[in-house]
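Content type compact mmCIF, C-alpha atoms and all ligand atoms, from the file upload-v8.txt:
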# COMPACT_ATOMS: atom_id res chain seq x y z
CA MET A 14 130.08 107.61 111.76
CA GLN A 15 132.04 109.91 109.47
CA LEU A 16 135.82 109.56 109.03
CA LYS A 17 137.77 112.29 107.26
CA LEU A 18 140.69 111.14 105.14
CA ALA A 19 143.99 112.78 104.14
CA MET A 20 145.41 111.04 101.08
CA ILE A 21 149.21 111.08 100.81
CA GLY A 22 149.90 110.03 97.21
CA PHE A 23 147.29 110.13 94.48
CA GLY A 24 148.58 107.69 91.88
CA VAL A 25 147.17 104.30 90.87
CA VAL A 26 146.04 103.27 94.37
CA GLY A 27 145.05 106.73 95.62
CA GLN A 28 142.81 107.29 92.60
CA GLY A 29 141.52 103.73 92.99
CA VAL A 30 140.32 104.65 96.48
CA ALA A 31 138.64 107.78 95.09
CA LYS A 32 136.91 105.64 92.43
CA ILE A 33 135.48 103.25 95.03
CA LEU A 34 134.27 106.19 97.16
CA ARG A 35 132.76 107.84 94.06
CA ASP A 36 130.89 104.65 93.15
CA ARG A 37 130.06 103.08 96.54
CA GLN A 38 129.64 105.83 99.12
CA ALA A 39 125.90 105.28 99.40
CA HIS A 40 126.35 101.51 99.79
CA LEU A 41 129.05 101.94 102.48
CA LYS A 42 126.75 104.28 104.40
CA GLU A 43 123.68 102.09 104.10
CA ARG A 44 125.41 98.78 104.82
CA TYR A 45 128.00 99.79 107.45
CA GLY A 46 126.94 103.27 108.55
CA ALA A 47 130.34 104.49 107.34
CA GLU A 48 130.92 107.79 105.60
CA PHE A 49 134.45 108.40 104.32
CA VAL A 50 135.15 112.00 103.29
CA ILE A 51 138.42 112.99 101.58
CA THR A 52 139.44 116.35 103.07
CA ALA A 53 142.97 116.54 101.65
CA VAL A 54 145.09 115.13 98.83
CA SER A 55 148.85 115.66 98.64
CA ASP A 56 150.88 114.31 95.74
CA VAL A 57 154.36 115.26 94.54
CA LYS A 58 153.59 116.00 90.85
CA LYS A 59 149.80 116.22 90.85
CA GLY A 60 149.83 118.85 93.58
CA ALA A 61 147.86 119.25 96.78
CA VAL A 62 144.37 120.46 97.68
CA ALA A 63 142.44 120.48 100.93
CA ASP A 64 138.92 121.42 102.00
CA PRO A 65 137.76 120.82 105.57
CA ASN A 66 134.25 120.26 104.23
CA GLY A 67 135.34 117.54 101.83
CA LEU A 68 136.62 117.13 98.28
CA ASP A 69 134.25 115.37 95.88
CA PRO A 70 136.07 112.19 94.66
CA LYS A 71 134.28 112.33 91.29
CA ALA A 72 135.32 115.96 90.78
CA LEU A 73 138.95 115.10 91.67
CA LEU A 74 139.00 112.20 89.20
CA ASP A 75 137.21 114.16 86.43
CA HIS A 76 139.68 116.99 86.92
CA LEU A 77 142.68 114.68 86.51
CA ASP A 78 141.08 113.19 83.37
CA ASN A 79 141.20 116.65 81.81
CA HIS A 80 144.20 118.33 83.45
CA PRO A 81 147.77 117.25 84.15
CA ASP A 82 147.50 118.06 87.86
CA LEU A 83 145.34 119.58 90.60
CA THR A 84 146.77 123.13 90.49
CA THR A 85 143.52 124.56 89.03
CA PHE A 86 141.17 122.39 91.10
CA PRO A 87 138.94 124.69 93.18
CA ALA A 88 139.76 124.29 96.88
CA PRO A 89 140.29 126.66 99.84
CA GLU A 90 143.76 125.27 100.59
CA ARG A 91 146.44 124.18 98.15
CA GLY A 92 150.11 123.39 97.85
CA TRP A 93 150.60 121.63 101.18
CA ASP A 94 153.34 119.00 101.14
CA ALA A 95 152.71 115.62 102.77
CA LEU A 96 153.87 116.58 106.26
CA THR A 97 151.90 119.86 106.25
CA THR A 98 148.84 117.95 105.05
CA ILE A 99 149.19 115.44 107.88
CA ARG A 100 149.55 118.27 110.43
CA LYS A 101 147.00 120.74 109.12
CA ALA A 102 144.22 118.79 107.40
CA ASN A 103 141.28 118.06 109.68
CA ALA A 104 141.60 114.35 108.91
CA ASP A 105 140.89 111.45 111.25
CA VAL A 106 142.79 108.96 109.08
CA VAL A 107 145.96 109.39 107.02
CA VAL A 108 145.84 107.14 103.94
CA GLU A 109 149.50 106.69 102.93
CA VAL A 110 149.73 105.47 99.33
CA SER A 111 152.90 107.12 98.08
CA TRP A 112 155.99 105.39 96.58
CA THR A 113 157.51 102.40 98.28
CA ASP A 114 161.20 102.22 99.10
CA VAL A 115 161.82 98.92 100.85
CA LYS A 116 165.51 99.65 101.42
CA THR A 117 165.21 102.97 103.31
CA GLY A 118 161.49 103.27 104.06
CA GLY A 119 161.48 106.43 101.92
CA ALA A 120 159.50 109.56 102.72
CA ALA A 121 156.64 107.33 103.90
CA LEU A 122 158.55 106.53 107.08
CA GLY A 123 158.40 110.22 108.03
CA HIS A 124 154.75 110.41 106.98
CA LEU A 125 153.75 107.60 109.33
CA ARG A 126 155.86 108.95 112.20
CA GLU A 127 154.20 112.35 111.80
CA ALA A 128 150.73 110.85 111.53
CA PHE A 129 151.17 108.92 114.79
CA ALA A 130 152.71 111.98 116.49
CA CYS A 131 149.61 113.97 115.43
CA GLY A 132 147.30 111.27 116.83
CA LYS A 133 145.90 110.23 113.42
CA HIS A 134 144.77 106.74 112.52
CA VAL A 135 146.72 105.31 109.57
CA VAL A 136 145.92 103.02 106.65
CA THR A 137 148.77 102.25 104.27
CA THR A 138 149.59 100.01 101.33
CA ASN A 139 153.17 101.28 101.37
CA LYS A 140 155.64 98.53 102.22
CA GLY A 141 158.61 100.81 103.04
CA PRO A 142 157.84 101.67 106.68
CA MET A 143 156.71 98.14 107.53
CA VAL A 144 159.87 96.63 106.02
CA VAL A 145 162.35 99.05 107.56
CA ALA A 146 160.73 99.70 110.94
CA PRO A 147 157.80 97.35 111.58
CA TRP A 148 158.09 97.26 115.36
CA GLU A 149 158.63 101.01 115.64
CA MET A 150 155.47 101.60 113.56
CA LEU A 151 153.34 99.16 115.58
CA GLU A 152 154.60 100.56 118.88
CA ALA A 153 154.17 104.20 117.79
CA ALA A 154 150.55 103.53 116.84
CA ALA A 155 149.89 101.74 120.13
CA ARG A 156 151.57 104.53 122.13
CA ALA A 157 149.50 107.15 120.32
CA GLY A 158 146.34 105.13 120.94
CA VAL A 159 145.45 105.15 117.23
CA GLU A 160 144.39 102.44 114.80
CA PHE A 161 146.94 101.26 112.21
CA ARG A 162 146.14 98.94 109.29
CA PHE A 163 148.44 97.78 106.48
CA GLU A 164 146.67 94.79 104.86
CA GLY A 165 147.40 96.13 101.35
CA THR A 166 151.17 95.88 101.82
CA VAL A 167 151.07 92.14 101.03
CA MET A 168 149.01 90.66 98.16
CA SER A 169 147.00 93.88 97.63
CA GLY A 170 143.40 93.39 98.82
CA THR A 171 143.69 89.64 99.38
CA PRO A 172 143.33 89.26 103.16
CA VAL A 173 146.60 87.66 104.18
CA ILE A 174 147.60 89.52 107.34
CA ASN A 175 144.05 89.66 108.67
CA THR A 176 143.54 85.95 107.98
CA ALA A 177 146.72 85.07 109.85
CA TRP A 178 145.99 87.45 112.74
CA LYS A 179 142.28 86.82 113.14
CA CYS A 180 141.32 83.46 111.63
CA LEU A 181 144.49 81.52 112.51
CA ARG A 182 144.59 82.79 116.11
CA GLY A 183 145.50 79.83 118.35
CA CYS A 184 147.66 78.11 115.73
CA GLU A 185 151.43 78.30 115.75
CA ILE A 186 152.49 79.52 112.30
CA THR A 187 155.99 78.22 111.69
CA GLY A 188 156.56 79.46 108.17
CA PHE A 189 155.08 80.36 104.81
CA SER A 190 155.85 80.03 101.13
CA GLY A 191 154.29 81.39 97.98
CA ILE A 192 154.27 83.92 95.19
CA LEU A 193 154.25 87.45 96.59
CA ASN A 194 154.79 89.72 93.59
CA GLY A 195 152.11 90.39 90.99
CA THR A 196 154.32 92.08 88.40
CA THR A 197 156.83 89.24 88.03
CA ASN A 198 154.20 86.50 88.08
CA PHE A 199 152.29 88.41 85.38
CA MET A 200 155.50 88.83 83.35
CA LEU A 201 156.37 85.13 83.55
CA THR A 202 152.84 84.28 82.42
CA ARG A 203 152.96 86.68 79.47
CA MET A 204 156.48 85.51 78.47
CA GLU A 205 155.15 81.95 78.37
CA GLN A 206 152.46 83.29 76.01
CA GLY A 207 155.13 84.69 73.67
CA LEU A 208 155.92 88.24 74.85
CA THR A 209 159.51 89.39 75.33
CA TYR A 210 160.72 90.38 78.81
CA GLN A 211 160.50 94.09 77.92
CA GLN A 212 157.01 93.76 76.39
CA ALA A 213 155.77 91.90 79.46
CA LEU A 214 157.24 94.52 81.81
CA ALA A 215 155.71 97.37 79.80
CA GLU A 216 152.30 95.67 79.99
CA ALA A 217 152.62 95.16 83.78
CA GLN A 218 153.47 98.85 84.13
CA SER A 219 150.55 99.98 81.98
CA LEU A 220 148.16 97.86 84.08
CA GLY A 221 149.35 99.54 87.32
CA TYR A 222 150.99 96.42 88.82
CA ALA A 223 154.62 97.56 88.86
CA GLU A 224 156.31 99.88 91.35
CA ALA A 225 157.26 103.41 90.26
CA ASP A 226 160.79 101.91 90.01
CA PRO A 227 160.08 98.43 88.59
CA SER A 228 163.60 97.19 89.35
CA GLY A 229 162.26 96.51 92.85
CA ASP A 230 159.79 94.05 91.34
CA VAL A 231 161.98 92.25 88.82
CA LEU A 232 165.03 91.95 91.11
CA GLY A 233 162.92 90.45 93.89
CA TRP A 234 163.20 93.29 96.45
CA ASP A 235 159.44 93.84 96.55
CA ALA A 236 158.76 90.17 97.31
CA ALA A 237 161.60 90.18 99.85
CA GLY A 238 159.99 93.20 101.54
CA LYS A 239 156.72 91.27 101.82
CA VAL A 240 158.63 88.32 103.33
CA VAL A 241 159.99 90.75 105.95
CA ILE A 242 156.52 92.14 106.70
CA LEU A 243 154.96 88.68 107.10
CA THR A 244 157.88 87.37 109.15
CA ASN A 245 157.73 90.28 111.59
CA THR A 246 153.96 90.64 111.87
CA VAL A 247 152.71 87.06 111.40
CA LEU A 248 155.59 84.83 112.51
CA ARG A 249 156.45 87.54 115.09
CA LYS A 250 160.17 87.04 114.49
CA PRO A 251 162.50 89.94 113.73
CA LEU A 252 163.89 89.77 110.19
CA LYS A 253 165.64 92.46 108.16
CA LEU A 254 165.60 92.84 104.38
CA ALA A 255 169.35 92.12 104.14
CA GLU A 256 168.75 88.74 105.81
CA VAL A 257 166.50 87.50 102.99
CA GLN A 258 168.46 85.33 100.53
CA LEU A 259 167.98 86.98 97.17
CA ALA A 260 169.50 86.24 93.73
CA SER A 261 168.58 88.16 90.60
CA GLY A 262 164.78 87.93 90.78
CA ILE A 263 163.46 87.11 87.31
CA THR A 264 165.95 89.30 85.44
CA GLU A 265 167.93 86.37 84.07
CA ILE A 266 164.95 84.33 82.87
CA THR A 267 164.68 84.34 79.09
CA PRO A 268 161.97 82.95 76.75
CA ALA A 269 164.45 80.10 76.08
CA HIS A 270 164.52 79.19 79.80
CA ILE A 271 160.72 79.19 79.84
CA GLU A 272 160.56 76.88 76.78
CA GLU A 273 163.14 74.55 78.32
CA ALA A 274 161.09 74.26 81.53
CA LYS A 275 157.94 73.53 79.50
CA LYS A 276 159.63 70.50 77.90
CA THR A 277 160.19 68.90 81.31
CA GLY A 278 156.68 69.71 82.59
CA GLU A 279 157.85 72.62 84.72
CA ARG A 280 157.23 76.36 85.03
CA TRP A 281 159.39 79.21 86.40
CA LYS A 282 158.06 80.96 89.50
CA LEU A 283 159.56 83.55 91.86
CA VAL A 284 159.12 81.67 95.12
CA ALA A 285 159.19 83.59 98.42
CA GLN A 286 159.46 81.79 101.72
CA ALA A 287 160.40 82.02 105.38
CA ASN A 288 160.62 79.25 107.95
CA VAL A 289 161.52 79.19 111.60
CA GLU A 290 164.03 76.43 112.29
CA ASP A 291 165.41 76.01 115.82
CA GLY A 292 164.26 79.53 116.61
CA THR A 293 166.10 81.00 113.60
CA VAL A 294 164.36 82.39 110.51
CA LYS A 295 165.53 81.25 107.08
CA ALA A 296 164.05 83.40 104.32
CA SER A 297 164.55 83.56 100.56
CA VAL A 298 163.15 84.89 97.29
CA LEU A 299 164.41 82.76 94.41
CA ALA A 300 163.31 82.00 90.86
CA GLN A 301 162.66 78.26 90.68
CA ARG A 302 161.37 75.67 88.24
CA VAL A 303 158.31 74.08 89.84
CA PRO A 304 156.57 70.97 88.46
CA LEU A 305 153.17 71.61 86.88
CA SER A 306 151.67 69.37 89.59
CA ASP A 307 152.76 71.92 92.25
CA PRO A 308 149.81 74.18 93.23
CA LEU A 309 152.05 77.25 92.74
CA ALA A 310 152.46 76.35 89.05
CA GLY A 311 148.75 77.07 88.53
CA VAL A 312 148.96 80.58 90.00
CA MET A 313 149.10 82.79 86.91
CA GLY A 314 149.06 86.44 85.91
CA PRO A 315 148.92 89.05 88.69
CA THR A 316 147.42 86.47 91.05
CA ASN A 317 149.52 85.59 94.11
CA ALA A 318 149.35 82.82 96.70
CA VAL A 319 150.72 82.11 100.14
CA THR A 320 150.65 78.91 102.17
CA PHE A 321 150.97 79.29 105.94
CA HIS A 322 152.39 76.25 107.70
CA THR A 323 150.45 75.84 110.95
CA ASP A 324 150.69 73.26 113.73
CA LEU A 325 146.98 72.67 114.40
CA LEU A 326 145.54 73.07 110.90
CA GLY A 327 148.40 72.01 108.63
CA PRO A 328 149.00 74.08 105.49
CA VAL A 329 146.51 76.89 104.82
CA THR A 330 146.69 78.50 101.38
CA ILE A 331 145.30 81.88 100.40
CA VAL A 332 145.11 82.67 96.68
CA GLY A 333 144.04 86.03 95.26
CA ALA A 334 144.99 89.28 93.59
CA GLY A 335 148.59 90.32 94.16
CA ALA A 336 148.44 93.75 92.55
CA GLY A 337 146.12 96.12 90.69
CA GLN A 338 144.31 99.41 91.17
CA ARG A 339 140.88 98.19 92.23
CA GLU A 340 142.31 95.27 94.20
CA THR A 341 144.73 97.41 96.24
CA ALA A 342 142.20 100.23 96.72
CA PHE A 343 139.88 97.57 98.13
CA ALA A 344 142.52 96.85 100.81
CA VAL A 345 142.32 100.52 101.86
CA ILE A 346 138.52 100.47 101.97
CA SER A 347 138.49 97.20 103.91
CA ASP A 348 141.02 98.62 106.43
CA LEU A 349 138.99 101.83 106.74
CA LEU A 350 135.84 99.80 107.43
CA ASP A 351 137.74 97.82 110.06
CA ILE A 352 138.88 101.03 111.79
CA HIS A 353 135.34 102.39 111.53
CA ALA A 354 133.92 99.24 113.17
CA THR A 355 136.59 99.35 115.92
CA LEU A 356 135.85 102.99 116.73
CA LEU A 357 132.09 102.35 116.74
CA ALA A 358 132.54 99.38 119.12
CA ARG A 359 134.70 101.55 121.38
CA GLN A 360 131.93 104.16 121.55
CA GLY A 361 129.65 101.41 122.85
N1 LIG A 401 149.79 99.23 92.46
C1 LIG A 401 149.64 98.11 93.15
O1 LIG A 401 149.15 97.09 92.63
C2 LIG A 401 150.05 98.04 94.56
C3 LIG A 401 150.73 99.08 95.18
N2 LIG A 401 151.10 98.99 96.49
C4 LIG A 401 151.79 100.10 97.13
O2 LIG A 401 150.90 101.21 97.23
C5 LIG A 401 151.61 102.44 97.08
C6 LIG A 401 151.00 103.24 95.95
O3 LIG A 401 151.14 102.49 94.76
P1 LIG A 401 150.70 103.09 93.36
O4 LIG A 401 149.53 103.98 93.56
O5 LIG A 401 150.61 101.93 92.44
O6 LIG A 401 151.97 103.97 93.01
P2 LIG A 401 152.02 105.25 92.06
O7 LIG A 401 153.45 105.47 91.73
O8 LIG A 401 151.01 105.12 90.98
O9 LIG A 401 151.50 106.40 93.03
C7 LIG A 401 152.23 106.89 94.09
C8 LIG A 401 151.93 108.36 94.14
O10 LIG A 401 152.57 108.92 95.29
C9 LIG A 401 153.12 110.16 94.90
N3 LIG A 401 154.19 110.45 95.83
C10 LIG A 401 155.43 109.92 95.87
N4 LIG A 401 156.12 110.43 96.91
C11 LIG A 401 155.29 111.29 97.54
C12 LIG A 401 155.43 112.17 98.67
N5 LIG A 401 156.57 112.25 99.35
N6 LIG A 401 154.36 112.94 99.02
C13 LIG A 401 153.22 112.88 98.32
N7 LIG A 401 153.04 112.08 97.23
C14 LIG A 401 154.06 111.31 96.86
C15 LIG A 401 153.57 109.98 93.46
O11 LIG A 401 153.65 111.24 92.87
P3 LIG A 401 153.96 111.55 91.31
O12 LIG A 401 154.13 110.24 90.60
O13 LIG A 401 152.78 112.33 90.88
O14 LIG A 401 155.22 112.31 91.33
C16 LIG A 401 152.46 109.11 92.90
O15 LIG A 401 151.39 109.87 92.37
C17 LIG A 401 153.08 102.06 96.81
O16 LIG A 401 153.77 102.18 98.01
C18 LIG A 401 153.00 100.60 96.34
O17 LIG A 401 154.12 99.86 96.69
C19 LIG A 401 150.76 97.91 97.27
C20 LIG A 401 150.07 96.86 96.72
C21 LIG A 401 149.73 96.82 95.32
N1 LIG A 402 154.50 95.97 92.52
C1 LIG A 402 153.81 95.14 93.43
C2 LIG A 402 152.52 95.81 93.82
C3 LIG A 402 151.91 95.20 94.99
O1 LIG A 402 152.51 95.12 96.07
C4 LIG A 402 153.53 93.79 92.81
O2 LIG A 402 153.64 93.70 91.58
O3 LIG A 402 153.22 92.84 93.54
In structure tokens, write the structure found in this file.
Ligand SMILES: NC(=O)C1=CN([C@@H]2O[C@H](COP(=O)(O)OP(=O)(O)OC[C@H]3O[C@@H](n4cnc5c(N)ncnc54)[C@H](OP(=O)(O)O)[C@@H]3O)[C@@H](O)[C@H]2O)C=CC1
Ligand SMILES: N[C@@H](CC=O)C(=O)O
Amino acid sequence: MQLKLAMIGFGVVGQGVAKILRDRQAHLKERYGAEFVITAVSDVKKGAVADPNGLDPKALLDHLDNHPDLTTFPAPERGWDALTTIRKANADVVVEVSWTDVKTGGAALGHLREAFACGKHVVTTNKGPMVVAPWEMLEAAARAGVEFRFEGTVMSGTPVINTAWKCLRGCEITGFSGILNGTTNFMLTRMEQGLTYQQALAEAQSLGYAEADPSGDVLGWDAAGKVVILTNTVLRKPLKLAEVQLASGITEITPAHIEEAKKTGERWKLVAQANVEDGTVKASVLAQRVPLSDPLAGVMGPTNAVTFHTDLLGPVTIVGAGAGQRETAFAVISDLLDIHATLLARQG
């Protein structure tokens, strides 16, 4: 089955999706019978192009290697903004990979609303809408009778939400704790290896881990947003961003603090958690010194980890990539394959 895609945002993750399609289209077709065709791309600075017959991902990527934007890319339609693209492109699935704003939901909130109103399936890695309006998004998709996947919003392509929803079905999940931000965990690792805070941040940005506005990472808002997503969708308890206890993220941790912790056999980590106690959710994102014997102490670089506390199985820990181009683009491909399989099964 062929699914046509409209890409909203064509930055690190959007181009990562194009790279996987460029390199693996034949494999996806042979192995899963899935053919994903990009029919539109809309990006604020890089411009917008659309072709109902499909845009070659390799040509798009080659063009951006040699030009600052897509304004001279040959295509029958150009210049559509995100909402026009969602309305006019002949896409089956809107892939929303634009900037995240966990405080307001950002433009992405409008993109998802429009996609559902137009009866499009949606895959997103954008945390904003699922932090600000998770229930509205889930209900809008259900009302529209479309598929909605957002695995990449938490721990990039590492299957956290799907594991909780599918593999831990039947267990009561009462809470979780872990490391939910790749940028800050990478920075703490590199600072321990001798880099300054600014050098470590610059490296995280150059590797595509950080948000467009990295203050969201270092102040803990990004991890807090992921706590909100997991609490609403996995614990099934309503929680708002303002209800997550947050201090200053990792902004006050200096190389001297890191050295001090080393001397006592400890390591700084930005620990995110939420627990249901007497029906109430207590959630926090706080920098903490953890002993080296704690499993979280061994989670280094852009790797993240989350432990779900379950009644029947005890603690279940998932460790894997927390950020990165290929890793997050994989989340999109995996979600697209899931939608493809669901639609095929529905056809009978
Ligand atoms: N990078 C990662 O490791 C991960 C990222 N995510 C999430 O995935 C999303 C994409 O991340 P990433 O690709 O790294 O971010 P980038 O900043 O690299 O890319 C986002 C792109 O979206 C474009 N954009 C912003 N607003 C709009 C809009 N209104 N309409 C159309 N395009 C828009 C930007 O345009 P331009 O800059 O050209 O102006 C930019 O090219 C974010 O929401 C992020 O939080 C989730 C997990 C991991
Ligand atoms: N900036 C985020 C990207 C993934 O959500 C992070 O570093 O974890």
> So which residues touch Met200 (chain A) within 10 Å, counting all atoms listed in the file, skipping near sequence neighbours fewer than 6 positions away, as a list in words?
Replying inline: Gln206, Leu208, Thr209, Tyr210, Gln211, Gln212, Ala213, Leu214, Ala215, Glu216, Ala217, Val231, Ile263, Met313, Gly314 and Pro315 of chain A
> Quick one: residues within 7 Å of ligand LIG 401 (chain A), with all atoms listed in the file, as number ranges by chain?
Replying inline: A: 21-27, 55-59, 94-95, 110-113, 120-121, 138-140, 165-169, 221-225, 335-338, 341
> Out of A:Glu273, A:Asp82, A:Asp230, A:Asp36, which residue has the shortest atom-to-atom distance to ligand LIG 402 (chain A) when counting only C-alpha atoms and all ligand atoms?
Replying inline: A:Asp230
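Closest approach to His353 (chain A) from the set A:Gly311, A:Phe86, A:Val159, A:Glu149 is made by A:Val159, with distances taken over all atoms listed in the file.
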>> When you count only C-alpha atoms and all ligand atoms, which of these residues is closest to ligand LIG 402 (chain A): A:Pro268, A:Pro227, A:Gly262, A:Pro251?
In response: A:Pro227
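Here the residues that fall within 8 Å of (162.1, 80.5, 104.4), using only C-alpha atoms, are given as A:Gly188, A:Phe189, A:Ser190, A:Ala285, A:Gln286, A:Ala287, A:Asn288, A:Val289, A:Val294, A:Lys295, A:Ala296, A:Ser297.
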Expected file: the selected residues, C-alpha atoms, as an mmCIF file, in the coordinates of the input:
data_model
loop_
_atom_site.group_PDB
_atom_site.id
_atom_site.type_symbol
_atom_site.label_atom_id
_atom_site.label_comp_id
_atom_site.auth_asym_id
_atom_site.auth_seq_id
_atom_site.Cartn_x
_atom_site.Cartn_y
_atom_site.Cartn_z
ATOM 1 C CA GLY A 188 156.560 79.460 108.170
ATOM 2 C CA PHE A 189 155.080 80.360 104.810
ATOM 3 C CA SER A 190 155.850 80.030 101.130
ATOM 4 C CA ALA A 285 159.190 83.590 98.420
ATOM 5 C CA GLN A 286 159.460 81.790 101.720
ATOM 6 C CA ALA A 287 160.400 82.020 105.380
ATOM 7 C CA ASN A 288 160.620 79.250 107.950
ATOM 8 C CA VAL A 289 161.520 79.190 111.600
ATOM 9 C CA VAL A 294 164.360 82.390 110.510
ATOM 10 C CA LYS A 295 165.530 81.250 107.080
ATOM 11 C CA ALA A 296 164.050 83.400 104.320
ATOM 12 C CA SER A 297 164.550 83.560 100.560
#
